[in-house]
$ cat upload.pdb   # PDB, C-alpha atoms and all ligand atoms
MODEL        1
ATOM      1  CA  MET A   3       0.000   0.000   0.000
ATOM      2  CA  LEU A   4       1.491   3.340  -1.039
ATOM      3  CA  GLU A   5       1.463   5.977   1.687
ATOM      4  CA  THR A   6       2.498   9.190  -0.024
ATOM      5  CA  LYS A   7       2.244  10.946  -3.362
ATOM      6  CA  ALA A   8       6.051  10.895  -3.619
ATOM      7  CA  GLU A   9       6.134   7.097  -3.165
ATOM      8  CA  ARG A  10       3.505   6.667  -5.817
ATOM      9  CA  GLN A  11       5.401   8.932  -8.230
ATOM     10  CA  ALA A  12       8.639   6.989  -7.586
ATOM     11  CA  LEU A  13       6.831   3.787  -8.487
ATOM     12  CA  VAL A  14       5.361   5.320 -11.633
ATOM     13  CA  ASP A  15       8.883   6.475 -12.623
ATOM     14  CA  GLU A  16      10.168   2.932 -12.107
ATOM     15  CA  ILE A  17       7.376   1.562 -14.301
ATOM     16  CA  LEU A  18       8.201   4.066 -17.038
ATOM     17  CA  GLU A  19      11.877   3.055 -16.920
ATOM     18  CA  TRP A  20      11.048  -0.640 -17.167
ATOM     19  CA  LYS A  21       8.562   0.080 -19.897
ATOM     20  CA  LYS A  22      11.297   1.716 -21.976
ATOM     21  CA  LYS A  23      13.801  -1.050 -21.231
ATOM     22  CA  ARG A  24      11.327  -3.737 -22.271
ATOM     23  CA  ASN A  25       9.871  -1.771 -25.189
ATOM     24  CA  ALA A  26       6.455  -2.385 -23.656
ATOM     25  CA  LEU A  27       2.937  -1.096 -24.219
ATOM     26  CA  ILE A  28       0.493  -0.793 -21.308
ATOM     27  CA  LEU A  29      -3.172  -1.512 -22.053
ATOM     28  CA  ALA A  30      -5.748  -0.888 -19.321
ATOM     29  CA  HIS A  31      -9.485  -1.488 -19.026
ATOM     30  CA  ASN A  32     -11.845   1.309 -17.962
ATOM     31  CA  TYR A  33     -12.656  -0.612 -14.754
ATOM     32  CA  GLU A  34      -9.050  -0.576 -13.493
ATOM     33  CA  LEU A  35      -7.941   1.462 -10.470
ATOM     34  CA  PRO A  36      -7.457   5.195 -11.284
ATOM     35  CA  GLU A  37      -3.651   4.997 -10.848
ATOM     36  CA  ILE A  38      -3.532   2.163 -13.390
ATOM     37  CA  GLN A  39      -5.726   4.105 -15.819
ATOM     38  CA  ASP A  40      -3.267   7.001 -15.455
ATOM     39  CA  ILE A  41      -0.253   4.977 -16.680
ATOM     40  CA  ALA A  42      -2.029   3.354 -19.625
ATOM     41  CA  ASP A  43      -0.889   3.926 -23.203
ATOM     42  CA  VAL A  44      -4.307   2.736 -24.307
ATOM     43  CA  LEU A  45      -7.381   2.826 -22.082
ATOM     44  CA  GLY A  46     -10.650   1.324 -23.219
ATOM     45  CA  ASP A  47     -13.212  -1.456 -23.207
ATOM     46  CA  SER A  48     -12.529  -5.034 -24.332
ATOM     47  CA  LEU A  49     -12.927  -4.212 -28.023
ATOM     48  CA  ALA A  50     -10.600  -1.214 -27.898
ATOM     49  CA  LEU A  51      -7.981  -3.253 -26.026
ATOM     50  CA  ALA A  52      -8.268  -6.131 -28.510
ATOM     51  CA  ARG A  53      -7.746  -3.705 -31.401
ATOM     52  CA  ALA A  54      -4.759  -2.074 -29.677
ATOM     53  CA  ALA A  55      -3.207  -5.479 -28.955
ATOM     54  CA  MET A  56      -3.643  -6.532 -32.569
ATOM     55  CA  ARG A  57      -1.757  -3.542 -33.984
ATOM     56  CA  ALA A  58       0.847  -3.262 -31.178
ATOM     57  CA  ASP A  59       4.433  -3.199 -32.407
ATOM     58  CA  ALA A  60       6.052  -3.162 -28.940
ATOM     59  CA  ASP A  61       7.895  -6.321 -27.798
ATOM     60  CA  VAL A  62       5.850  -6.653 -24.609
ATOM     61  CA  ILE A  63       2.153  -5.990 -23.937
ATOM     62  CA  VAL A  64       1.184  -5.450 -20.288
ATOM     63  CA  LEU A  65      -2.513  -6.160 -20.024
ATOM     64  CA  CYS A  66      -4.043  -4.404 -17.028
ATOM     65  CA  GLY A  67      -7.334  -6.196 -17.017
ATOM     66  CA  VAL A  68      -8.455  -9.782 -16.527
ATOM     67  CA  HIS A  69      -7.235 -13.145 -17.815
ATOM     68  CA  PHE A  70      -9.431 -13.520 -20.915
ATOM     69  CA  MET A  71      -8.296 -10.077 -22.141
ATOM     70  CA  ALA A  72      -4.642 -11.143 -21.928
ATOM     71  CA  GLU A  73      -5.515 -14.353 -23.782
ATOM     72  CA  THR A  74      -7.228 -12.307 -26.503
ATOM     73  CA  ALA A  75      -4.097 -10.132 -26.864
ATOM     74  CA  ALA A  76      -1.905 -13.259 -27.065
ATOM     75  CA  ILE A  77      -4.152 -14.756 -29.746
ATOM     76  CA  LEU A  78      -4.226 -11.574 -31.839
ATOM     77  CA  ASN A  79      -0.515 -10.842 -31.622
ATOM     78  CA  PRO A  80       1.222 -14.172 -30.933
ATOM     79  CA  ASP A  81       4.768 -12.864 -31.524
ATOM     80  CA  LYS A  82       4.544 -10.505 -28.528
ATOM     81  CA  THR A  83       5.116 -11.297 -24.883
ATOM     82  CA  VAL A  84       1.784 -10.668 -23.146
ATOM     83  CA  LEU A  85       1.980 -10.092 -19.395
ATOM     84  CA  LEU A  86      -0.884 -10.166 -16.890
ATOM     85  CA  PRO A  87       0.380  -8.471 -13.685
ATOM     86  CA  ASP A  88      -1.799 -10.738 -11.506
ATOM     87  CA  PRO A  89      -2.560 -14.190 -12.955
ATOM     88  CA  ASN A  90      -5.461 -14.564 -10.496
ATOM     89  CA  ALA A  91      -7.399 -11.734 -12.123
ATOM     90  CA  GLY A  92     -10.223 -13.844 -13.540
ATOM     91  CA  CYS A  93     -13.854 -13.123 -14.443
ATOM     92  CA  SER A  94     -16.985 -14.674 -12.938
ATOM     93  CA  LEU A  95     -18.793 -14.313 -16.269
ATOM     94  CA  ALA A  96     -16.056 -16.076 -18.278
ATOM     95  CA  ASP A  97     -16.073 -18.844 -15.651
ATOM     96  CA  SER A  98     -19.799 -19.441 -16.164
ATOM     97  CA  ILE A  99     -19.188 -21.633 -19.256
ATOM     98  CA  THR A 100     -16.510 -24.187 -20.151
ATOM     99  CA  ALA A 101     -15.565 -25.524 -23.582
ATOM    100  CA  ASP A 102     -17.068 -28.935 -22.635
ATOM    101  CA  ALA A 103     -20.382 -27.332 -21.648
ATOM    102  CA  LEU A 104     -20.447 -25.389 -24.915
ATOM    103  CA  ARG A 105     -19.740 -28.534 -26.960
ATOM    104  CA  ALA A 106     -22.684 -30.239 -25.218
ATOM    105  CA  TRP A 107     -24.957 -27.236 -25.946
ATOM    106  CA  LYS A 108     -23.880 -27.235 -29.603
ATOM    107  CA  ALA A 109     -24.713 -30.940 -29.836
ATOM    108  CA  GLU A 110     -28.292 -30.085 -28.785
ATOM    109  CA  HIS A 111     -28.540 -27.467 -31.587
ATOM    110  CA  PRO A 112     -26.699 -28.843 -34.621
ATOM    111  CA  GLY A 113     -26.012 -26.169 -37.248
ATOM    112  CA  ALA A 114     -26.556 -23.237 -34.873
ATOM    113  CA  VAL A 115     -24.222 -20.234 -35.101
ATOM    114  CA  VAL A 116     -22.320 -19.647 -31.840
ATOM    115  CA  VAL A 117     -21.888 -16.024 -30.740
ATOM    116  CA  SER A 118     -19.695 -15.616 -27.669
ATOM    117  CA  TYR A 119     -19.343 -12.438 -25.712
ATOM    118  CA  VAL A 120     -15.645 -11.607 -25.486
ATOM    119  CA  ASN A 121     -15.684 -12.460 -21.747
ATOM    120  CA  THR A 122     -14.901 -16.136 -22.362
ATOM    121  CA  SER A 123     -11.814 -18.351 -22.212
ATOM    122  CA  ALA A 124      -9.721 -18.961 -25.345
ATOM    123  CA  GLU A 125     -11.043 -22.547 -25.434
ATOM    124  CA  VAL A 126     -14.649 -21.329 -25.521
ATOM    125  CA  LYS A 127     -13.776 -18.806 -28.244
ATOM    126  CA  ALA A 128     -12.215 -21.654 -30.231
ATOM    127  CA  GLU A 129     -15.634 -23.389 -30.174
ATOM    128  CA  SER A 130     -17.386 -20.196 -31.374
ATOM    129  CA  ASP A 131     -18.198 -18.752 -34.799
ATOM    130  CA  TYR A 132     -18.218 -15.117 -33.688
ATOM    131  CA  CYS A 133     -17.049 -13.125 -30.698
ATOM    132  CA  CYS A 134     -18.744  -9.867 -29.770
ATOM    133  CA  THR A 135     -18.521  -7.154 -27.153
ATOM    134  CA  SER A 136     -21.326  -5.110 -25.649
ATOM    135  CA  SER A 137     -20.486  -2.431 -28.272
ATOM    136  CA  ASN A 138     -21.177  -4.640 -31.278
ATOM    137  CA  ALA A 139     -23.309  -7.583 -30.056
ATOM    138  CA  VAL A 140     -26.424  -6.295 -31.861
ATOM    139  CA  GLN A 141     -24.501  -5.729 -35.124
ATOM    140  CA  VAL A 142     -22.928  -9.195 -34.942
ATOM    141  CA  VAL A 143     -26.319 -10.882 -34.466
ATOM    142  CA  ARG A 144     -27.870  -8.787 -37.284
ATOM    143  CA  SER A 145     -25.068  -9.923 -39.634
ATOM    144  CA  ILE A 146     -26.194 -13.577 -39.291
ATOM    145  CA  PRO A 147     -28.898 -14.772 -41.746
ATOM    146  CA  GLU A 148     -32.376 -14.675 -40.168
ATOM    147  CA  ASP A 149     -33.047 -18.387 -40.648
ATOM    148  CA  ARG A 150     -29.981 -19.560 -38.677
ATOM    149  CA  GLU A 151     -30.383 -20.553 -35.031
ATOM    150  CA  ILE A 152     -28.001 -18.655 -32.716
ATOM    151  CA  LEU A 153     -26.460 -19.771 -29.420
ATOM    152  CA  PHE A 154     -25.578 -16.597 -27.504
ATOM    153  CA  LEU A 155     -23.299 -16.882 -24.476
ATOM    154  CA  PRO A 156     -22.450 -16.501 -21.679
ATOM    155  CA  ASP A 157     -24.269 -13.381 -20.387
ATOM    156  CA  MET A 158     -28.023 -13.770 -19.995
ATOM    157  CA  PHE A 159     -28.675 -10.049 -19.538
ATOM    158  CA  LEU A 160     -26.778  -9.008 -22.649
ATOM    159  CA  GLY A 161     -28.389 -11.950 -24.500
ATOM    160  CA  SER A 162     -31.899 -10.858 -23.463
ATOM    161  CA  TYR A 163     -31.131  -7.295 -24.504
ATOM    162  CA  VAL A 164     -29.835  -8.390 -27.935
ATOM    163  CA  LYS A 165     -32.852 -10.677 -28.427
ATOM    164  CA  ARG A 166     -35.233  -7.835 -27.612
ATOM    165  CA  VAL A 167     -33.484  -5.296 -29.868
ATOM    166  CA  THR A 168     -33.084  -7.650 -32.852
ATOM    167  CA  GLY A 169     -36.409  -9.481 -32.381
ATOM    168  CA  ARG A 170     -34.616 -12.814 -33.045
ATOM    169  CA  GLU A 171     -36.855 -15.615 -31.780
ATOM    170  CA  ASN A 172     -34.284 -18.280 -32.782
ATOM    171  CA  LEU A 173     -31.614 -16.887 -30.428
ATOM    172  CA  HIS A 174     -30.926 -19.152 -27.431
ATOM    173  CA  ILE A 175     -29.290 -17.647 -24.346
ATOM    174  CA  TRP A 176     -26.804 -19.201 -21.909
ATOM    175  CA  MET A 177     -27.812 -18.370 -18.321
ATOM    176  CA  GLY A 178     -24.484 -16.946 -17.144
ATOM    177  CA  GLU A 179     -23.981 -13.653 -15.356
ATOM    178  CA  CYS A 180     -21.327 -11.305 -14.061
ATOM    179  CA  HIS A 181     -21.763 -11.045 -10.290
ATOM    180  CA  VAL A 182     -20.812  -7.347 -10.336
ATOM    181  CA  HIS A 183     -23.302  -6.260 -12.991
ATOM    182  CA  ALA A 184     -26.020  -8.624 -11.732
ATOM    183  CA  GLY A 185     -25.713  -6.839  -8.371
ATOM    184  CA  ILE A 186     -27.160  -3.639  -9.879
ATOM    185  CA  ARG A 187     -30.864  -4.261  -9.353
ATOM    186  CA  PRO A 188     -33.968  -2.397 -10.611
ATOM    187  CA  HIS A 189     -34.647  -0.913  -7.165
ATOM    188  CA  ASP A 190     -31.138   0.670  -7.223
ATOM    189  CA  ILE A 191     -32.136   2.455 -10.424
ATOM    190  CA  GLU A 192     -35.559   3.474  -9.123
ATOM    191  CA  GLU A 193     -34.114   4.906  -5.905
ATOM    192  CA  THR A 194     -31.318   6.787  -7.678
ATOM    193  CA  LEU A 195     -33.698   8.114 -10.338
ATOM    194  CA  SER A 196     -36.111   9.491  -7.774
ATOM    195  CA  ALA A 197     -33.241  11.124  -5.850
ATOM    196  CA  HIS A 198     -31.933  12.749  -9.084
ATOM    197  CA  PRO A 199     -34.995  13.515 -11.245
ATOM    198  CA  ASP A 200     -33.032  15.566 -13.806
ATOM    199  CA  ALA A 201     -30.215  13.098 -14.352
ATOM    200  CA  GLU A 202     -29.743  11.093 -17.545
ATOM    201  CA  LEU A 203     -29.625   7.315 -17.003
ATOM    202  CA  LEU A 204     -26.789   5.320 -18.629
ATOM    203  CA  ILE A 205     -27.236   1.529 -18.380
ATOM    204  CA  HIS A 206     -24.782  -1.159 -19.426
ATOM    205  CA  PRO A 207     -26.604  -4.100 -21.078
ATOM    206  CA  GLU A 208     -24.804  -6.582 -18.797
ATOM    207  CA  CYS A 209     -26.517  -5.124 -15.739
ATOM    208  CA  GLY A 210     -28.914  -7.245 -13.742
ATOM    209  CA  CYS A 211     -31.322  -4.384 -14.190
ATOM    210  CA  SER A 212     -31.105  -4.108 -17.955
ATOM    211  CA  THR A 213     -33.677  -6.718 -18.972
ATOM    212  CA  SER A 214     -36.336  -5.474 -16.611
ATOM    213  CA  ASN A 215     -35.435  -1.881 -17.361
ATOM    214  CA  MET A 216     -35.787  -2.479 -21.106
ATOM    215  CA  TYR A 217     -39.284  -3.781 -20.331
ATOM    216  CA  LEU A 218     -40.067  -0.774 -18.117
ATOM    217  CA  LEU A 219     -38.700   1.506 -20.833
ATOM    218  CA  ALA A 220     -40.962  -0.097 -23.456
ATOM    219  CA  GLU A 221     -43.910   0.234 -21.054
ATOM    220  CA  GLY A 222     -43.200   3.934 -20.604
ATOM    221  CA  GLN A 223     -42.306   3.537 -16.931
ATOM    222  CA  LEU A 224     -38.780   4.884 -17.380
ATOM    223  CA  PRO A 225     -38.026   8.291 -18.865
ATOM    224  CA  ALA A 226     -37.284   7.256 -22.483
ATOM    225  CA  ASP A 227     -35.836  10.652 -23.366
ATOM    226  CA  ARG A 228     -33.109  10.335 -20.733
ATOM    227  CA  THR A 229     -32.442   6.578 -20.562
ATOM    228  CA  HIS A 230     -29.683   5.065 -22.706
ATOM    229  CA  VAL A 231     -28.541   1.430 -22.872
ATOM    230  CA  LEU A 232     -24.910   1.663 -23.939
ATOM    231  CA  SER A 233     -21.623  -0.242 -24.020
ATOM    232  CA  THR A 234     -18.749   0.986 -21.858
ATOM    233  CA  SER A 235     -17.317   3.103 -24.677
ATOM    234  CA  GLY A 236     -20.822   4.280 -25.630
ATOM    235  CA  MET A 237     -21.387   5.524 -22.066
ATOM    236  CA  LEU A 238     -18.188   7.589 -22.158
ATOM    237  CA  GLN A 239     -19.184   9.069 -25.501
ATOM    238  CA  ARG A 240     -22.712   9.889 -24.321
ATOM    239  CA  ALA A 241     -21.364  11.582 -21.175
ATOM    240  CA  ARG A 242     -19.163  13.809 -23.362
ATOM    241  CA  GLU A 243     -21.804  14.650 -25.956
ATOM    242  CA  SER A 244     -24.968  15.065 -23.860
ATOM    243  CA  ASP A 245     -25.934  18.550 -22.686
ATOM    244  CA  LYS A 246     -27.287  17.116 -19.391
ATOM    245  CA  ARG A 247     -25.323  18.028 -16.264
ATOM    246  CA  ALA A 248     -25.905  14.885 -14.177
ATOM    247  CA  PHE A 249     -25.780  11.167 -15.032
ATOM    248  CA  ILE A 250     -26.744   7.993 -13.197
ATOM    249  CA  VAL A 251     -24.267   5.320 -14.220
ATOM    250  CA  ALA A 252     -25.304   1.653 -14.018
ATOM    251  CA  THR A 253     -22.112  -0.351 -14.473
ATOM    252  CA  GLU A 254     -18.819  -1.068 -12.662
ATOM    253  CA  VAL A 255     -17.835   2.087 -10.789
ATOM    254  CA  GLY A 256     -14.277   2.265 -12.226
ATOM    255  CA  ILE A 257     -15.670   4.004 -15.305
ATOM    256  CA  LEU A 258     -16.631   7.060 -13.232
ATOM    257  CA  TYR A 259     -12.977   8.071 -13.003
ATOM    258  CA  GLN A 260     -12.723   8.692 -16.776
ATOM    259  CA  MET A 261     -16.180  10.259 -16.918
ATOM    260  CA  GLU A 262     -15.227  12.777 -14.231
ATOM    261  CA  ARG A 263     -11.839  13.447 -15.818
ATOM    262  CA  GLN A 264     -13.315  14.022 -19.254
ATOM    263  CA  ASN A 265     -16.247  16.105 -17.961
ATOM    264  CA  PRO A 266     -15.130  18.087 -14.898
ATOM    265  CA  ASP A 267     -18.267  20.256 -15.016
ATOM    266  CA  LYS A 268     -20.713  17.305 -14.883
ATOM    267  CA  THR A 269     -21.852  15.048 -12.042
ATOM    268  CA  PHE A 270     -21.809  11.237 -12.185
ATOM    269  CA  ILE A 271     -23.785   9.152  -9.698
ATOM    270  CA  PRO A 272     -23.239   5.372  -9.470
ATOM    271  CA  ALA A 273     -26.510   3.381  -9.512
ATOM    272  CA  ASN A 274     -24.868   1.086  -6.956
ATOM    273  CA  ARG A 275     -21.617   2.111  -5.250
ATOM    274  CA  ALA A 276     -20.913  -1.524  -4.409
ATOM    275  CA  ALA A 277     -20.603  -2.472  -8.097
ATOM    276  CA  VAL A 278     -16.853  -3.024  -7.881
ATOM    277  CA  CYS A 279     -15.090  -5.797  -9.818
ATOM    278  CA  PRO A 280     -12.594  -7.361  -7.398
ATOM    279  CA  PHE A 281     -10.685  -8.960 -10.291
ATOM    280  CA  MET A 282     -10.027  -5.659 -12.059
ATOM    281  CA  LYS A 283      -8.877  -4.109  -8.784
ATOM    282  CA  MET A 284      -6.220  -6.827  -8.305
ATOM    283  CA  ILE A 285      -3.877  -4.965 -10.663
ATOM    284  CA  THR A 286      -1.752  -2.478  -8.708
ATOM    285  CA  LEU A 287       1.207  -0.271  -9.593
ATOM    286  CA  GLU A 288       3.551  -2.595  -7.665
ATOM    287  CA  LYS A 289       2.328  -5.590  -9.666
ATOM    288  CA  VAL A 290       2.786  -3.741 -12.973
ATOM    289  CA  ARG A 291       6.350  -2.830 -11.982
ATOM    290  CA  ASP A 292       7.100  -6.438 -10.959
ATOM    291  CA  ALA A 293       5.510  -7.819 -14.119
ATOM    292  CA  LEU A 294       7.824  -5.682 -16.261
ATOM    293  CA  ALA A 295      10.919  -6.319 -14.141
ATOM    294  CA  ARG A 296      10.426 -10.115 -13.951
ATOM    295  CA  LEU A 297       8.580 -10.569 -17.258
ATOM    296  CA  GLU A 298       5.767 -12.362 -15.414
ATOM    297  CA  THR A 299       3.100 -13.713 -15.763
ATOM    298  CA  VAL A 300       3.327 -14.556 -19.455
ATOM    299  CA  ILE A 301      -0.067 -15.501 -20.909
ATOM    300  CA  SER A 302       0.015 -17.743 -23.961
ATOM    301  CA  VAL A 303      -2.542 -19.870 -25.774
ATOM    302  CA  PRO A 304      -1.780 -23.238 -27.464
ATOM    303  CA  ALA A 305      -1.372 -22.713 -31.216
ATOM    304  CA  ASP A 306      -4.295 -24.950 -32.271
ATOM    305  CA  VAL A 307      -6.730 -23.272 -29.838
ATOM    306  CA  ALA A 308      -5.431 -19.812 -30.812
ATOM    307  CA  ALA A 309      -5.881 -20.493 -34.539
ATOM    308  CA  ARG A 310      -9.561 -21.431 -34.075
ATOM    309  CA  ALA A 311     -10.268 -18.649 -31.573
ATOM    310  CA  ARG A 312      -8.613 -16.046 -33.829
ATOM    311  CA  VAL A 313     -11.247 -16.550 -36.551
ATOM    312  CA  ALA A 314     -14.068 -15.661 -34.113
ATOM    313  CA  ILE A 315     -12.179 -12.705 -32.616
ATOM    314  CA  GLU A 316     -11.184 -11.271 -35.999
ATOM    315  CA  ARG A 317     -14.839 -11.339 -37.076
ATOM    316  CA  MET A 318     -15.682  -9.318 -33.929
ATOM    317  CA  VAL A 319     -12.956  -6.759 -34.611
ATOM    318  CA  ALA A 320     -13.997  -6.463 -38.281
ATOM    319  CA  ILE A 321     -17.706  -5.901 -37.517
ATOM    320  CA  GLY A 322     -17.032  -2.717 -35.552
TER     321      GLY A 322
HETATM  322  S1  LIG B 401     -16.983  -6.698 -14.117
HETATM  323 FE1  LIG B 401     -17.867  -8.764 -14.308
HETATM  324  S2  LIG B 401     -17.633  -9.251 -16.479
HETATM  325 FE2  LIG B 401     -16.224  -7.572 -16.035
HETATM  326  S3  LIG B 401     -14.292  -8.605 -15.504
HETATM  327 FE3  LIG B 401     -15.392  -8.226 -13.579
HETATM  328  S4  LIG B 401     -16.475 -10.162 -13.210
HETATM  329 FE4  LIG B 401     -15.890 -10.170 -15.376
ENDMDL
END
$ encode --input "upload.pdb" --output "structure tokens"
Amino acid sequence: MLETKAERQALVDEILEWKKKRNALILAHNYELPEIQDIADVLGDSLALARAAMRADADVIVLCGVHFMAETAAILNPDKTVLLPDPNAGCSLADSITADALRAWKAEHPGAVVVSYVNTSAEVKAESDYCCTSSNAVQVVRSIPEDREILFLPDMFLGSYVKRVTGRENLHIWMGECHVHAGIRPHDIEETLSAHPDAELLIHPECGCSTSNMYLLAEGQLPADRTHVLSTSGMLQRARESDKRAFIVATEVGILYQMERQNPDKTFIPANRAAVCPFMKMITLEKVRDALARLETVISVPADVAARARVAIERMVAIG
């Protein structure tokens, strides 16, 4: 634990030195701790980090995020050394489906197209036809011919949202969830909305509240003119472009740091202050320094799995 500003700066200086020595690039997710966001060369959601990893020409990529993101970077740029500063940084959503479980599900629906949210292991991606993120899930599903059955996994809230928006009756949903997003419940939204009647509401489609809120929205029980269901990057964009002064934010609270930095004259209110991803918060400045100094922990994916997973990931990156 760093006590003073000077200690923190000394550590940041050390990281910058190691970064130069290793010819490294630091990628960080929007849900990381503020001090990690501050040292990132590229900061973004899963899709933005995947794109940055793909075009990286540094020798080393330090992925400040969770395990599946480092795997994605290793798959997209296999000649680079990809480091995850804490190998225990996992994801409850990615853990909700295994490759064996997916193979069994596919056997029940022969010929179905498999669309996997990017929060999955490399082995699950290798069993998939397409990957998607919350930014492009709707576009990916719309790109698949209407008459093809779709298996959408692993997030049931994002799946329900995509099914509702696209009207696809032949889309089957895996019942997985992220424990952080599922913890944001409809009553959190109702309470925060009534406390801030002029605020715009920004909801991430992975939230436990999103399915019921989409229903309430359709029923006219939520203010349609100030409710937006958006991906992580979409939320940041909306916060910048909207002329509203206050926003209720229904996703992991780490994103508030960038929102406040980019919009110092606006107010951001978390729908649930307890929506904190413990895996994202495992990455600290000390661990980034040690990762660079020791070149640990290297994340790699077996070549045969990577080759199959790459097809699905590249389709995701190409669709937008
Ligand atoms: S917020 Fe949820 S989906 Fe995102 S990394 Fe954490 S556990 Fe996984």
$ closest_residue --input "upload.pdb" --among "A:Leu49, A:Leu65, A:Ala109, A:Ala55" --to "Thr299 in chain A" --atoms "all atoms listed in the file"
A:Leu65
$ closest_residue --input "upload.pdb" --among "A:Val116, A:Met237, A:Ile186, A:Leu95" --to "ligand LIG 401 (chain B)" --atoms "all atoms listed in the file"
A:Leu95
$ closest_atom_pairs --input "upload.pdb" --of "range 24-91 of chain A" --to "range 5-14 of chain A" --cutoff "12 Å" --atoms "all atoms listed in the file" --output "tab-separated table"
residue	atom	partner	partner_atom	distance
A:Glu37	CA	A:Arg10	CA	8.9
A:Ile38	CA	A:Val14	CA	9.6
A:Gln39	CA	A:Val14	CA	11.9
A:Asp40	CA	A:Val14	CA	9.6
A:Ile41	CA	A:Val14	CA	7.6
A:Ala42	CA	A:Val14	CA	11.1
$ write_last_selection --input "upload.pdb" --atoms "C-alpha atoms" --output "PDB file, in the coordinates of the input"
ATOM      1  CA  GLU A  37      -3.651   4.997 -10.848  1.00  0.00           C
ATOM      2  CA  ILE A  38      -3.532   2.163 -13.390  1.00  0.00           C
ATOM      3  CA  GLN A  39      -5.726   4.105 -15.819  1.00  0.00           C
ATOM      4  CA  ASP A  40      -3.267   7.001 -15.455  1.00  0.00           C
ATOM      5  CA  ILE A  41      -0.253   4.977 -16.680  1.00  0.00           C
ATOM      6  CA  ALA A  42      -2.029   3.354 -19.625  1.00  0.00           C
TER       7      ALA A  42
END
$ residues_near_ligand --input "upload.pdb" --ligand "ligand LIG 401 (chain B)" --cutoff "6 Å" --atoms "all atoms listed in the file" --output "list in words"
Cys93, Ser94, Leu95, Cys180, Val182, Cys279 and Phe281 of chain A
$ closest_residue --input "upload.pdb" --among "A:Asp149, A:Glu202, A:Glu262, A:Asp292" --to "Leu85 in chain A" --atoms "only C-alpha atoms"
A:Asp292
$ decode --input "upload.pdb" --residues "range 224-228 of chain A" --atoms "all heavy atoms" --output "compact mmCIF listing (two decimals), in the first residue's frame"
# COMPACT_ATOMS: atom_id res chain seq x y z
N LEU A 224 -40.07 4.21 -17.59
CA LEU A 224 -38.78 4.88 -17.38
C LEU A 224 -38.74 6.06 -18.35
O LEU A 224 -39.32 5.98 -19.43
CB LEU A 224 -37.60 3.94 -17.68
CG LEU A 224 -37.17 2.97 -16.61
CD1 LEU A 224 -35.98 2.15 -17.11
CD2 LEU A 224 -36.77 3.67 -15.32
N PRO A 225 -38.06 7.13 -17.97
CA PRO A 225 -38.03 8.29 -18.87
C PRO A 225 -37.23 8.00 -20.14
O PRO A 225 -35.99 8.06 -20.14
CB PRO A 225 -37.34 9.36 -18.00
CG PRO A 225 -36.56 8.59 -16.98
CD PRO A 225 -37.27 7.32 -16.74
N ALA A 226 -37.95 7.69 -21.24
CA ALA A 226 -37.28 7.26 -22.48
C ALA A 226 -36.32 8.31 -23.01
O ALA A 226 -35.28 7.98 -23.59
CB ALA A 226 -38.34 6.94 -23.54
N ASP A 227 -36.67 9.59 -22.81
CA ASP A 227 -35.84 10.65 -23.37
C ASP A 227 -34.50 10.79 -22.63
O ASP A 227 -33.59 11.43 -23.12
CB ASP A 227 -36.59 11.99 -23.33
CG ASP A 227 -37.05 12.34 -21.92
OD1 ASP A 227 -37.34 11.40 -21.14
OD2 ASP A 227 -37.10 13.54 -21.59
N ARG A 228 -34.39 10.20 -21.45
CA ARG A 228 -33.11 10.34 -20.73
C ARG A 228 -32.55 9.00 -20.25
O ARG A 228 -31.75 8.94 -19.33
CB ARG A 228 -33.23 11.35 -19.58
CG ARG A 228 -34.27 11.06 -18.55
CD ARG A 228 -34.39 12.24 -17.59
NE ARG A 228 -35.40 12.00 -16.57
CZ ARG A 228 -35.13 11.61 -15.34
NH1 ARG A 228 -33.89 11.40 -14.96
NH2 ARG A 228 -36.10 11.42 -14.47
